[in-house]
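A.B. asks: Please find structure05.pdb (PDB, C-alpha atoms, pLDDT in the B column) on the next line:
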ATOM      1  CA  MET A   1     -21.933 -61.390  10.790  1.00 56.00           C
ATOM      2  CA  LYS A   2     -20.404 -64.220   8.731  1.00 51.00           C
ATOM      3  CA  LYS A   3     -23.254 -63.942   6.234  1.00 51.00           C
ATOM      4  CA  ILE A   4     -22.630 -60.186   5.830  1.00 51.00           C
ATOM      5  CA  ILE A   5     -18.903 -60.732   5.213  1.00 49.00           C
ATOM      6  CA  ALA A   6     -19.720 -63.468   2.688  1.00 49.00           C
ATOM      7  CA  LEU A   7     -22.121 -61.212   0.784  1.00 47.00           C
ATOM      8  CA  ILE A   8     -19.546 -58.397   0.679  1.00 46.00           C
ATOM      9  CA  SER A   9     -16.935 -60.816  -0.697  1.00 48.00           C
ATOM     10  CA  VAL A  10     -19.355 -62.000  -3.370  1.00 43.00           C
ATOM     11  CA  GLY A  11     -20.087 -58.401  -4.339  1.00 50.00           C
ATOM     12  CA  LEU A  12     -16.404 -57.608  -4.749  1.00 47.00           C
ATOM     13  CA  LEU A  13     -15.846 -60.713  -6.856  1.00 44.00           C
ATOM     14  CA  LEU A  14     -18.788 -59.875  -9.101  1.00 44.00           C
ATOM     15  CA  ALA A  15     -17.412 -56.369  -9.607  1.00 44.00           C
ATOM     16  CA  ASN A  16     -14.120 -57.842 -10.752  1.00 47.00           C
ATOM     17  CA  LEU A  17     -15.781 -60.375 -13.064  1.00 40.00           C
ATOM     18  CA  THR A  18     -18.121 -57.910 -14.742  1.00 41.00           C
ATOM     19  CA  GLY A  19     -16.648 -56.577 -17.961  1.00 46.00           C
ATOM     20  CA  CYS A  20     -13.294 -58.289 -17.391  1.00 50.00           C
ATOM     21  CA  ALA A  21     -10.902 -58.180 -20.369  1.00 52.00           C
ATOM     22  CA  SER A  22      -7.208 -58.698 -20.868  1.00 54.00           C
ATOM     23  CA  LEU A  23      -4.690 -57.741 -23.539  1.00 55.00           C
ATOM     24  CA  GLY A  24      -1.628 -59.576 -24.713  1.00 52.00           C
ATOM     25  CA  SER A  25       0.662 -57.197 -22.819  1.00 40.00           C
ATOM     26  CA  SER A  26       0.409 -54.318 -20.348  1.00 33.00           C
ATOM     27  CA  ALA A  27      -1.353 -51.064 -21.222  1.00 33.00           C
ATOM     28  CA  ALA A  28       0.846 -48.467 -22.902  1.00 33.00           C
ATOM     29  CA  GLY A  29      -1.286 -45.473 -22.055  1.00 32.00           C
ATOM     30  CA  GLN A  30      -4.377 -44.440 -20.168  1.00 32.00           C
ATOM     31  CA  ARG A  31      -7.017 -41.789 -20.647  1.00 31.00           C
ATOM     32  CA  GLY A  32      -8.865 -41.890 -17.357  1.00 29.00           C
ATOM     33  CA  ALA A  33     -10.097 -45.457 -16.914  1.00 29.00           C
ATOM     34  CA  VAL A  34     -10.283 -46.125 -20.650  1.00 32.00           C
ATOM     35  CA  PRO A  35      -7.289 -47.886 -22.267  1.00 45.00           C
ATOM     36  CA  VAL A  36      -5.884 -46.143 -25.346  1.00 56.00           C
ATOM     37  CA  ALA A  37      -3.734 -47.736 -28.017  1.00 67.00           C
ATOM     38  CA  LEU A  38      -0.912 -45.166 -28.101  1.00 83.00           C
ATOM     39  CA  PRO A  39      -0.136 -41.708 -26.709  1.00 89.00           C
ATOM     40  CA  PRO A  40      -0.651 -38.660 -28.985  1.00 91.00           C
ATOM     41  CA  TYR A  41       1.935 -38.255 -31.765  1.00 91.00           C
ATOM     42  CA  THR A  42       2.826 -35.475 -34.213  1.00 92.00           C
ATOM     43  CA  GLY A  43       6.168 -36.599 -35.703  1.00 94.00           C
ATOM     44  CA  LEU A  44       7.253 -38.211 -38.967  1.00 97.00           C
ATOM     45  CA  LYS A  45       5.264 -41.161 -40.321  1.00 97.00           C
ATOM     46  CA  ALA A  46       6.072 -44.560 -41.824  1.00 97.00           C
ATOM     47  CA  LYS A  47       4.495 -45.531 -45.156  1.00 97.00           C
ATOM     48  CA  ILE A  48       2.679 -48.881 -45.054  1.00 96.00           C
ATOM     49  CA  VAL A  49       0.097 -50.990 -46.833  1.00 95.00           C
ATOM     50  CA  VAL A  50      -2.086 -53.473 -44.920  1.00 95.00           C
ATOM     51  CA  ALA A  51      -2.451 -56.807 -46.707  1.00 93.00           C
ATOM     52  CA  ASP A  52      -5.593 -58.893 -47.002  1.00 92.00           C
ATOM     53  CA  CYS A  53      -6.178 -60.872 -43.821  1.00 93.00           C
ATOM     54  CA  ASP A  54      -5.345 -64.583 -44.094  1.00 95.00           C
ATOM     55  CA  VAL A  55      -8.143 -66.416 -42.271  1.00 96.00           C
ATOM     56  CA  GLN A  56      -6.927 -69.660 -40.681  1.00 95.00           C
ATOM     57  CA  ALA A  57      -9.250 -69.975 -37.667  1.00 95.00           C
ATOM     58  CA  ALA A  58     -12.093 -72.462 -38.129  1.00 94.00           C
ATOM     59  CA  LYS A  59     -14.719 -70.127 -36.651  1.00 93.00           C
ATOM     60  CA  ALA A  60     -13.695 -67.057 -38.655  1.00 95.00           C
ATOM     61  CA  THR A  61     -14.826 -66.180 -42.183  1.00 93.00           C
ATOM     62  CA  ARG A  62     -13.364 -64.145 -45.022  1.00 93.00           C
ATOM     63  CA  GLU A  63     -15.808 -61.377 -44.112  1.00 94.00           C
ATOM     64  CA  ILE A  64     -14.481 -61.389 -40.527  1.00 94.00           C
ATOM     65  CA  GLY A  65     -10.928 -61.176 -41.882  1.00 94.00           C
ATOM     66  CA  SER A  66     -11.889 -58.226 -44.054  1.00 93.00           C
ATOM     67  CA  GLY A  67     -13.556 -56.538 -41.084  1.00 94.00           C
ATOM     68  CA  LEU A  68     -10.460 -56.976 -38.918  1.00 95.00           C
ATOM     69  CA  ARG A  69      -8.269 -55.509 -41.679  1.00 94.00           C
ATOM     70  CA  GLN A  70     -10.504 -52.462 -42.045  1.00 93.00           C
ATOM     71  CA  MET A  71     -10.659 -51.940 -38.299  1.00 93.00           C
ATOM     72  CA  LEU A  72      -6.853 -52.129 -38.040  1.00 94.00           C
ATOM     73  CA  ILE A  73      -6.425 -49.655 -40.914  1.00 94.00           C
ATOM     74  CA  THR A  74      -8.737 -47.192 -39.154  1.00 92.00           C
ATOM     75  CA  ALA A  75      -6.895 -47.614 -35.858  1.00 92.00           C
ATOM     76  CA  LEU A  76      -3.477 -47.204 -37.500  1.00 94.00           C
ATOM     77  CA  ALA A  77      -4.637 -44.050 -39.268  1.00 93.00           C
ATOM     78  CA  ASP A  78      -6.009 -42.652 -36.012  1.00 91.00           C
ATOM     79  CA  SER A  79      -2.616 -43.179 -34.352  1.00 93.00           C
ATOM     80  CA  ASN A  80      -1.174 -40.483 -36.676  1.00 94.00           C
ATOM     81  CA  ARG A  81       2.003 -42.530 -37.152  1.00 95.00           C
ATOM     82  CA  PHE A  82       1.442 -43.940 -40.635  1.00 96.00           C
ATOM     83  CA  VAL A  83       0.848 -43.012 -44.247  1.00 96.00           C
ATOM     84  CA  ILE A  84      -1.429 -45.835 -45.373  1.00 95.00           C
ATOM     85  CA  VAL A  85      -1.376 -46.817 -49.049  1.00 93.00           C
ATOM     86  CA  GLU A  86      -4.595 -48.408 -50.285  1.00 84.00           C
ATOM     87  CA  HIS A  87      -3.163 -50.842 -52.854  1.00 72.00           C
ATOM     88  CA  PRO A  88      -4.615 -54.376 -52.761  1.00 63.00           C
ATOM     89  CA  VAL A  89      -2.136 -56.867 -51.331  1.00 69.00           C
ATOM     90  CA  ALA A  90      -2.802 -60.575 -50.750  1.00 66.00           C
ATOM     91  CA  ASN A  91      -1.212 -62.106 -47.647  1.00 64.00           C
ATOM     92  CA  GLY A  92       1.898 -59.960 -47.762  1.00 64.00           C
ATOM     93  CA  LYS A  93       2.480 -60.333 -51.518  1.00 67.00           C
ATOM     94  CA  ALA A  94       1.548 -57.878 -54.242  1.00 60.00           C
ATOM     95  CA  ARG A  95      -1.307 -58.945 -56.474  1.00 56.00           C
ATOM     96  CA  GLU A  96      -0.514 -59.422 -60.146  1.00 52.00           C
ATOM     97  CA  ASP A  97      -2.533 -56.406 -61.293  1.00 50.00           C
ATOM     98  CA  LYS A  98      -1.007 -53.885 -58.877  1.00 53.00           C
ATOM     99  CA  SER A  99       2.265 -53.735 -56.979  1.00 54.00           C
ATOM    100  CA  PRO A 100       2.616 -51.701 -53.775  1.00 49.00           C
ATOM    101  CA  ALA A 101       6.431 -51.885 -53.790  1.00 53.00           C
ATOM    102  CA  SER A 102       6.932 -48.616 -55.634  1.00 62.00           C
ATOM    103  CA  ASP A 103       4.484 -46.709 -53.427  1.00 84.00           C
ATOM    104  CA  THR A 104       5.211 -47.986 -49.921  1.00 91.00           C
ATOM    105  CA  ASP A 105       8.088 -49.143 -47.755  1.00 95.00           C
ATOM    106  CA  LEU A 106       6.414 -51.797 -45.627  1.00 96.00           C
ATOM    107  CA  ILE A 107       3.612 -54.349 -45.887  1.00 95.00           C
ATOM    108  CA  ILE A 108       1.629 -55.329 -42.781  1.00 96.00           C
ATOM    109  CA  ALA A 109       0.498 -58.944 -43.226  1.00 96.00           C
ATOM    110  CA  LEU A 110      -2.204 -60.431 -40.970  1.00 95.00           C
ATOM    111  CA  ALA A 111      -3.422 -63.946 -40.191  1.00 97.00           C
ATOM    112  CA  VAL A 112      -6.335 -64.852 -37.912  1.00 97.00           C
ATOM    113  CA  ASN A 113      -5.199 -67.984 -36.054  1.00 95.00           C
ATOM    114  CA  GLU A 114      -7.756 -68.167 -33.258  1.00 95.00           C
ATOM    115  CA  PHE A 115     -11.318 -66.858 -33.194  1.00 95.00           C
ATOM    116  CA  GLU A 116     -13.492 -68.150 -30.367  1.00 94.00           C
ATOM    117  CA  PRO A 117     -16.637 -66.068 -29.731  1.00 91.00           C
ATOM    118  CA  GLN A 118     -17.651 -68.245 -26.768  1.00 82.00           C
ATOM    119  CA  VAL A 119     -14.913 -70.360 -25.213  1.00 67.00           C
ATOM    120  CA  SER A 120     -16.915 -71.388 -22.164  1.00 57.00           C
ATOM    121  CA  GLY A 121     -20.139 -70.812 -20.300  1.00 50.00           C
ATOM    122  CA  GLY A 122     -23.338 -72.643 -19.471  1.00 44.00           C
ATOM    123  CA  SER A 123     -25.133 -73.731 -16.357  1.00 38.00           C
ATOM    124  CA  GLY A 124     -23.494 -74.067 -12.992  1.00 34.00           C
ATOM    125  CA  GLY A 125     -21.954 -70.601 -12.730  1.00 34.00           C
ATOM    126  CA  ILE A 126     -18.350 -69.881 -13.702  1.00 33.00           C
ATOM    127  CA  GLY A 127     -17.234 -72.053 -16.614  1.00 35.00           C
ATOM    128  CA  GLY A 128     -20.215 -74.381 -16.127  1.00 34.00           C
ATOM    129  CA  GLY A 129     -18.382 -76.376 -13.440  1.00 34.00           C
ATOM    130  CA  GLY A 130     -18.138 -76.648  -9.697  1.00 34.00           C
ATOM    131  CA  GLY A 131     -15.785 -74.847  -7.328  1.00 34.00           C
ATOM    132  CA  VAL A 132     -16.621 -71.187  -6.956  1.00 35.00           C
ATOM    133  CA  GLY A 133     -19.332 -71.638  -9.574  1.00 39.00           C
ATOM    134  CA  SER A 134     -21.415 -73.658  -7.169  1.00 38.00           C
ATOM    135  CA  GLY A 135     -23.115 -72.560  -3.980  1.00 41.00           C
ATOM    136  CA  VAL A 136     -24.005 -68.925  -3.270  1.00 41.00           C
ATOM    137  CA  LEU A 137     -21.846 -67.378  -6.011  1.00 38.00           C
ATOM    138  CA  GLY A 138     -23.015 -69.885  -8.619  1.00 41.00           C
ATOM    139  CA  GLY A 139     -26.609 -69.088  -7.760  1.00 42.00           C
ATOM    140  CA  LEU A 140     -26.018 -65.367  -8.176  1.00 42.00           C
ATOM    141  CA  LEU A 141     -24.160 -65.686 -11.493  1.00 43.00           C
ATOM    142  CA  GLY A 142     -26.520 -68.250 -12.969  1.00 45.00           C
ATOM    143  CA  THR A 143     -25.862 -69.390 -16.539  1.00 46.00           C
ATOM    144  CA  ASN A 144     -24.641 -66.267 -18.279  1.00 53.00           C
ATOM    145  CA  LEU A 145     -20.880 -66.011 -17.905  1.00 63.00           C
ATOM    146  CA  ASN A 146     -19.395 -65.982 -21.428  1.00 76.00           C
ATOM    147  CA  LYS A 147     -15.768 -65.876 -22.519  1.00 87.00           C
ATOM    148  CA  ALA A 148     -14.226 -64.950 -25.878  1.00 92.00           C
ATOM    149  CA  TYR A 149     -10.729 -65.134 -27.323  1.00 93.00           C
ATOM    150  CA  MET A 150      -8.854 -64.336 -30.527  1.00 95.00           C
ATOM    151  CA  ALA A 151      -5.258 -64.319 -31.774  1.00 96.00           C
ATOM    152  CA  LEU A 152      -3.776 -62.518 -34.749  1.00 96.00           C
ATOM    153  CA  ASP A 153      -0.366 -63.096 -36.343  1.00 97.00           C
ATOM    154  CA  VAL A 154       1.262 -59.859 -37.488  1.00 98.00           C
ATOM    155  CA  ARG A 155       4.222 -59.665 -39.902  1.00 97.00           C
ATOM    156  CA  ILE A 156       6.037 -56.528 -41.004  1.00 98.00           C
ATOM    157  CA  ILE A 157       7.514 -57.080 -44.474  1.00 96.00           C
ATOM    158  CA  ILE A 158       9.911 -54.925 -46.493  1.00 96.00           C
ATOM    159  CA  ALA A 159       8.001 -54.191 -49.704  1.00 93.00           C
ATOM    160  CA  SER A 160      11.029 -53.979 -51.990  1.00 92.00           C
ATOM    161  CA  ASN A 161      12.350 -57.508 -51.322  1.00 92.00           C
ATOM    162  CA  SER A 162       9.596 -59.318 -49.325  1.00 92.00           C
ATOM    163  CA  GLU A 163      11.936 -59.828 -46.352  1.00 96.00           C
ATOM    164  CA  VAL A 164      10.149 -60.284 -43.033  1.00 97.00           C
ATOM    165  CA  LEU A 165      11.372 -57.463 -40.817  1.00 97.00           C
ATOM    166  CA  ALA A 166       9.490 -58.504 -37.654  1.00 98.00           C
ATOM    167  CA  SER A 167       6.639 -60.774 -36.614  1.00 97.00           C
ATOM    168  CA  THR A 168       4.621 -61.664 -33.548  1.00 97.00           C
ATOM    169  CA  ARG A 169       1.280 -62.956 -32.336  1.00 97.00           C
ATOM    170  CA  VAL A 170      -1.106 -60.611 -30.531  1.00 96.00           C
ATOM    171  CA  GLN A 171      -4.184 -61.735 -28.664  1.00 94.00           C
ATOM    172  CA  GLY A 172      -7.130 -60.550 -26.642  1.00 92.00           C
ATOM    173  CA  GLN A 173      -9.635 -62.244 -24.384  1.00 91.00           C
ATOM    174  CA  ALA A 174     -12.669 -61.104 -22.430  1.00 88.00           C
ATOM    175  CA  SER A 175     -15.397 -62.419 -20.174  1.00 83.00           C
ATOM    176  CA  ASP A 176     -18.667 -60.781 -19.255  1.00 72.00           C
ATOM    177  CA  VAL A 177     -21.693 -61.490 -17.169  1.00 54.00           C
ATOM    178  CA  ALA A 178     -24.483 -61.128 -19.738  1.00 51.00           C
ATOM    179  CA  GLY A 179     -25.982 -57.660 -19.947  1.00 46.00           C
ATOM    180  CA  THR A 180     -23.002 -55.783 -18.507  1.00 42.00           C
ATOM    181  CA  HIS A 181     -20.749 -55.293 -21.539  1.00 44.00           C
ATOM    182  CA  LYS A 182     -19.828 -51.809 -22.712  1.00 47.00           C
ATOM    183  CA  GLY A 183     -18.199 -51.967 -26.134  1.00 42.00           C
ATOM    184  CA  SER A 184     -16.691 -48.468 -26.008  1.00 45.00           C
ATOM    185  CA  GLU A 185     -14.203 -49.407 -23.289  1.00 47.00           C
ATOM    186  CA  PHE A 186     -11.569 -50.651 -25.746  1.00 52.00           C
ATOM    187  CA  GLY A 187     -11.154 -48.218 -28.619  1.00 56.00           C
ATOM    188  CA  SER A 188     -13.775 -46.090 -30.332  1.00 63.00           C
ATOM    189  CA  TRP A 189     -13.293 -47.514 -33.844  1.00 75.00           C
ATOM    190  CA  SER A 190     -16.511 -48.761 -35.409  1.00 77.00           C
ATOM    191  CA  LEU A 191     -16.988 -52.467 -35.981  1.00 84.00           C
ATOM    192  CA  SER A 192     -16.890 -53.252 -39.690  1.00 75.00           C
ATOM    193  CA  LYS A 193     -19.684 -55.131 -41.440  1.00 77.00           C
ATOM    194  CA  GLY A 194     -18.073 -58.519 -40.898  1.00 79.00           C
ATOM    195  CA  LEU A 195     -17.783 -57.900 -37.151  1.00 91.00           C
ATOM    196  CA  SER A 196     -21.072 -56.151 -36.374  1.00 89.00           C
ATOM    197  CA  ALA A 197     -22.685 -59.397 -35.177  1.00 90.00           C
ATOM    198  CA  TYR A 198     -20.367 -59.277 -32.148  1.00 90.00           C
ATOM    199  CA  ALA A 199     -21.375 -55.800 -30.979  1.00 89.00           C
ATOM    200  CA  ASP A 200     -21.927 -55.583 -27.209  1.00 87.00           C
ATOM    201  CA  THR A 201     -20.542 -59.069 -26.581  1.00 88.00           C
ATOM    202  CA  PRO A 202     -17.327 -60.342 -24.991  1.00 90.00           C
ATOM    203  CA  MET A 203     -16.034 -61.042 -28.529  1.00 91.00           C
ATOM    204  CA  GLU A 204     -16.186 -57.336 -29.382  1.00 91.00           C
ATOM    205  CA  LYS A 205     -14.003 -56.594 -26.381  1.00 90.00           C
ATOM    206  CA  ALA A 206     -11.558 -59.366 -27.346  1.00 91.00           C
ATOM    207  CA  ILE A 207     -11.371 -57.983 -30.893  1.00 93.00           C
ATOM    208  CA  ARG A 208     -10.694 -54.453 -29.660  1.00 91.00           C
ATOM    209  CA  ALA A 209      -8.045 -55.672 -27.209  1.00 92.00           C
ATOM    210  CA  THR A 210      -6.313 -57.525 -30.050  1.00 94.00           C
ATOM    211  CA  ILE A 211      -6.402 -54.498 -32.354  1.00 94.00           C
ATOM    212  CA  ILE A 212      -4.861 -52.347 -29.610  1.00 93.00           C
ATOM    213  CA  GLU A 213      -2.039 -54.864 -29.168  1.00 94.00           C
ATOM    214  CA  ALA A 214      -1.457 -54.982 -32.935  1.00 96.00           C
ATOM    215  CA  ILE A 215      -1.160 -51.191 -33.166  1.00 95.00           C
ATOM    216  CA  ARG A 216       1.304 -51.068 -30.292  1.00 94.00           C
ATOM    217  CA  TYR A 217       3.446 -53.807 -31.775  1.00 96.00           C
ATOM    218  CA  ILE A 218       3.517 -52.356 -35.291  1.00 97.00           C
ATOM    219  CA  SER A 219       4.453 -48.873 -34.085  1.00 95.00           C
ATOM    220  CA  GLN A 220       7.234 -50.212 -31.835  1.00 95.00           C
ATOM    221  CA  ALA A 221       8.653 -52.891 -34.159  1.00 97.00           C
ATOM    222  CA  ILE A 222       9.109 -50.635 -37.199  1.00 97.00           C
ATOM    223  CA  PRO A 223      12.648 -49.166 -37.046  1.00 97.00           C
ATOM    224  CA  ALA A 224      12.954 -45.408 -36.617  1.00 96.00           C
ATOM    225  CA  SER A 225      14.567 -45.100 -40.082  1.00 97.00           C
ATOM    226  CA  TYR A 226      11.207 -45.862 -41.727  1.00 97.00           C
ATOM    227  CA  TYR A 227       9.548 -42.865 -40.065  1.00 97.00           C
ATOM    228  CA  LYS A 228      10.461 -40.274 -42.708  1.00 96.00           C
ATOM    229  CA  TYR A 229       7.267 -38.813 -44.221  1.00 96.00           C
TER     230      TYR A 229
END
Represent the structure contained in this file as structure tokens.
C.D. replies:
Amino acid sequence: MKKIIALISVGLLLANLTGCASLGSSAAGQRGAVPVALPPYTGLKAKIVVADCDVQAAKATREIGSGLRQMLITALADSNRFVIVEHPVANGKAREDKSPASDTDLIIALAVNEFEPQVSGGSGGIGGGGGVGSGVLGGLLGTNLNKAYMALDVRIIIASNSEVLASTRVQGQASDVAGTHKGSEFGSWSLSKGLSAYADTPMEKAIRATIIEAIRYISQAIPASYYKY
């Protein structure tokens, strides 16, 4: 009887571990079991431009930064809350050849501060250590529990005077038992070229969780007076 209860407990724990992901804050809306960034919207829009992504994380590249920017632009457009101007902007400042100030009200500046495709894993079960990773559960999980994490700084800047209107850090993390990840669980936006290597991995889920948090923050932090188009 004790063995049966133990096996049931292990099964429940595995179900919770499989495909586990967390966002920087609580979910704002739900469509069935699938988290959505924001509820449907049909009102006035704010006019923004999304700056080039400043890559500060050691394990991220300029191509990854570009991919995150493109993914965020797609997600913001899908939210139906923004008019997105496609002028080139470097790190929240207008480039010398083109200025977005006359065409937009706000600049969304991004910086990748943390990018960890595999924080922990290895032999010995959970985290590669002892505790619950050893014994029966460790034997069942084996070596393939991977974790991923990323953090993105977001600044909302007034285009006319470069004043920072609001700023925050958003983050996402995920862990998966290998072979169980489903990338469509967190947003349906396609991974850009710089991010395609992380398809169907915990890092994809962490990226999507971070993008969702960024969209929520941007839409909530922009004052209502900027929604006028």
A.B. asks: Between A:Thr42, A:Ser190, A:Thr104, A:Thr168, which residue has the minimum interatomic distance to A:Ile73, considering only C-alpha atoms?
C.D. replies: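 The shortest atom-to-atom distance to A:Ile73 comes from A:Ser190.
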A.B. asks: The PyMOL selection byres ((chain A and resi 48-55) around 7) on the file shown: which residues, as a PyMOL selection string?
C.D. replies: chain A and resi 46-47+56-57+60-62+65-66+69+82-92+104-112
A.B. asks: Leaving out A:Leu165 and any residue of its chain fewer than 2 positions from it, which residues lie within 8 Å of it when counting all atoms listed in the file, given as a PyMOL selection string?
C.D. replies: chain A and resi 155-158+163+167
A.B. asks: Report as a PyMOL selection string the residues that result from applying the PyMOL selection byres ((chain A and resi 221) around 9) to the structure here.
C.D. replies: chain A and resi 156+165-167+216-220+222-224
A.B. asks: Edge lengths and centre in Å to one decimal, as JSON, of the axis-aligned box that encloses all listed atoms of stretch 73-87 of chain A with 8 Å added on every side?
C.D. replies:
{"center_x": -3.4, "center_y": -45.7, "center_z": -43.6, "size_x": 26.7, "size_y": 26.4, "size_z": 34.5}
A.B. asks: Set the distance at 7 Å and use only C-alpha atoms: which residues neighbour A:Ile211 once local chain neighbours fewer than 4 positions away are removed? I'd like the list as an NGL selection string.
C.D. replies: :A and (72 or 207 or 215)
A.B. asks: If I take atom CA of A:Ile212 and atom CA of A:Met150, how far is one from the other in Å, to one decimal?
C.D. replies: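 For atom CA of A:Ile212 relative to atom CA of A:Met150, the distance reads 12.7 Å.
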A.B. asks: Which of these residues is nearest to A:Pro117, using only C-alpha atoms: A:Ala77, A:Val170, A:Pro202, A:Glu213?
C.D. replies: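 Using only C-alpha atoms, A:Pro117 sits closest to A:Pro202.
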A.B. asks: So which residues fall inside 7 Å of (-0.3, -41.5, -32.8) if we count all atoms listed in the file? Mind giving them as an MDAnalysis selection string?
C.D. replies: chainID A and resid 38:42 78:81
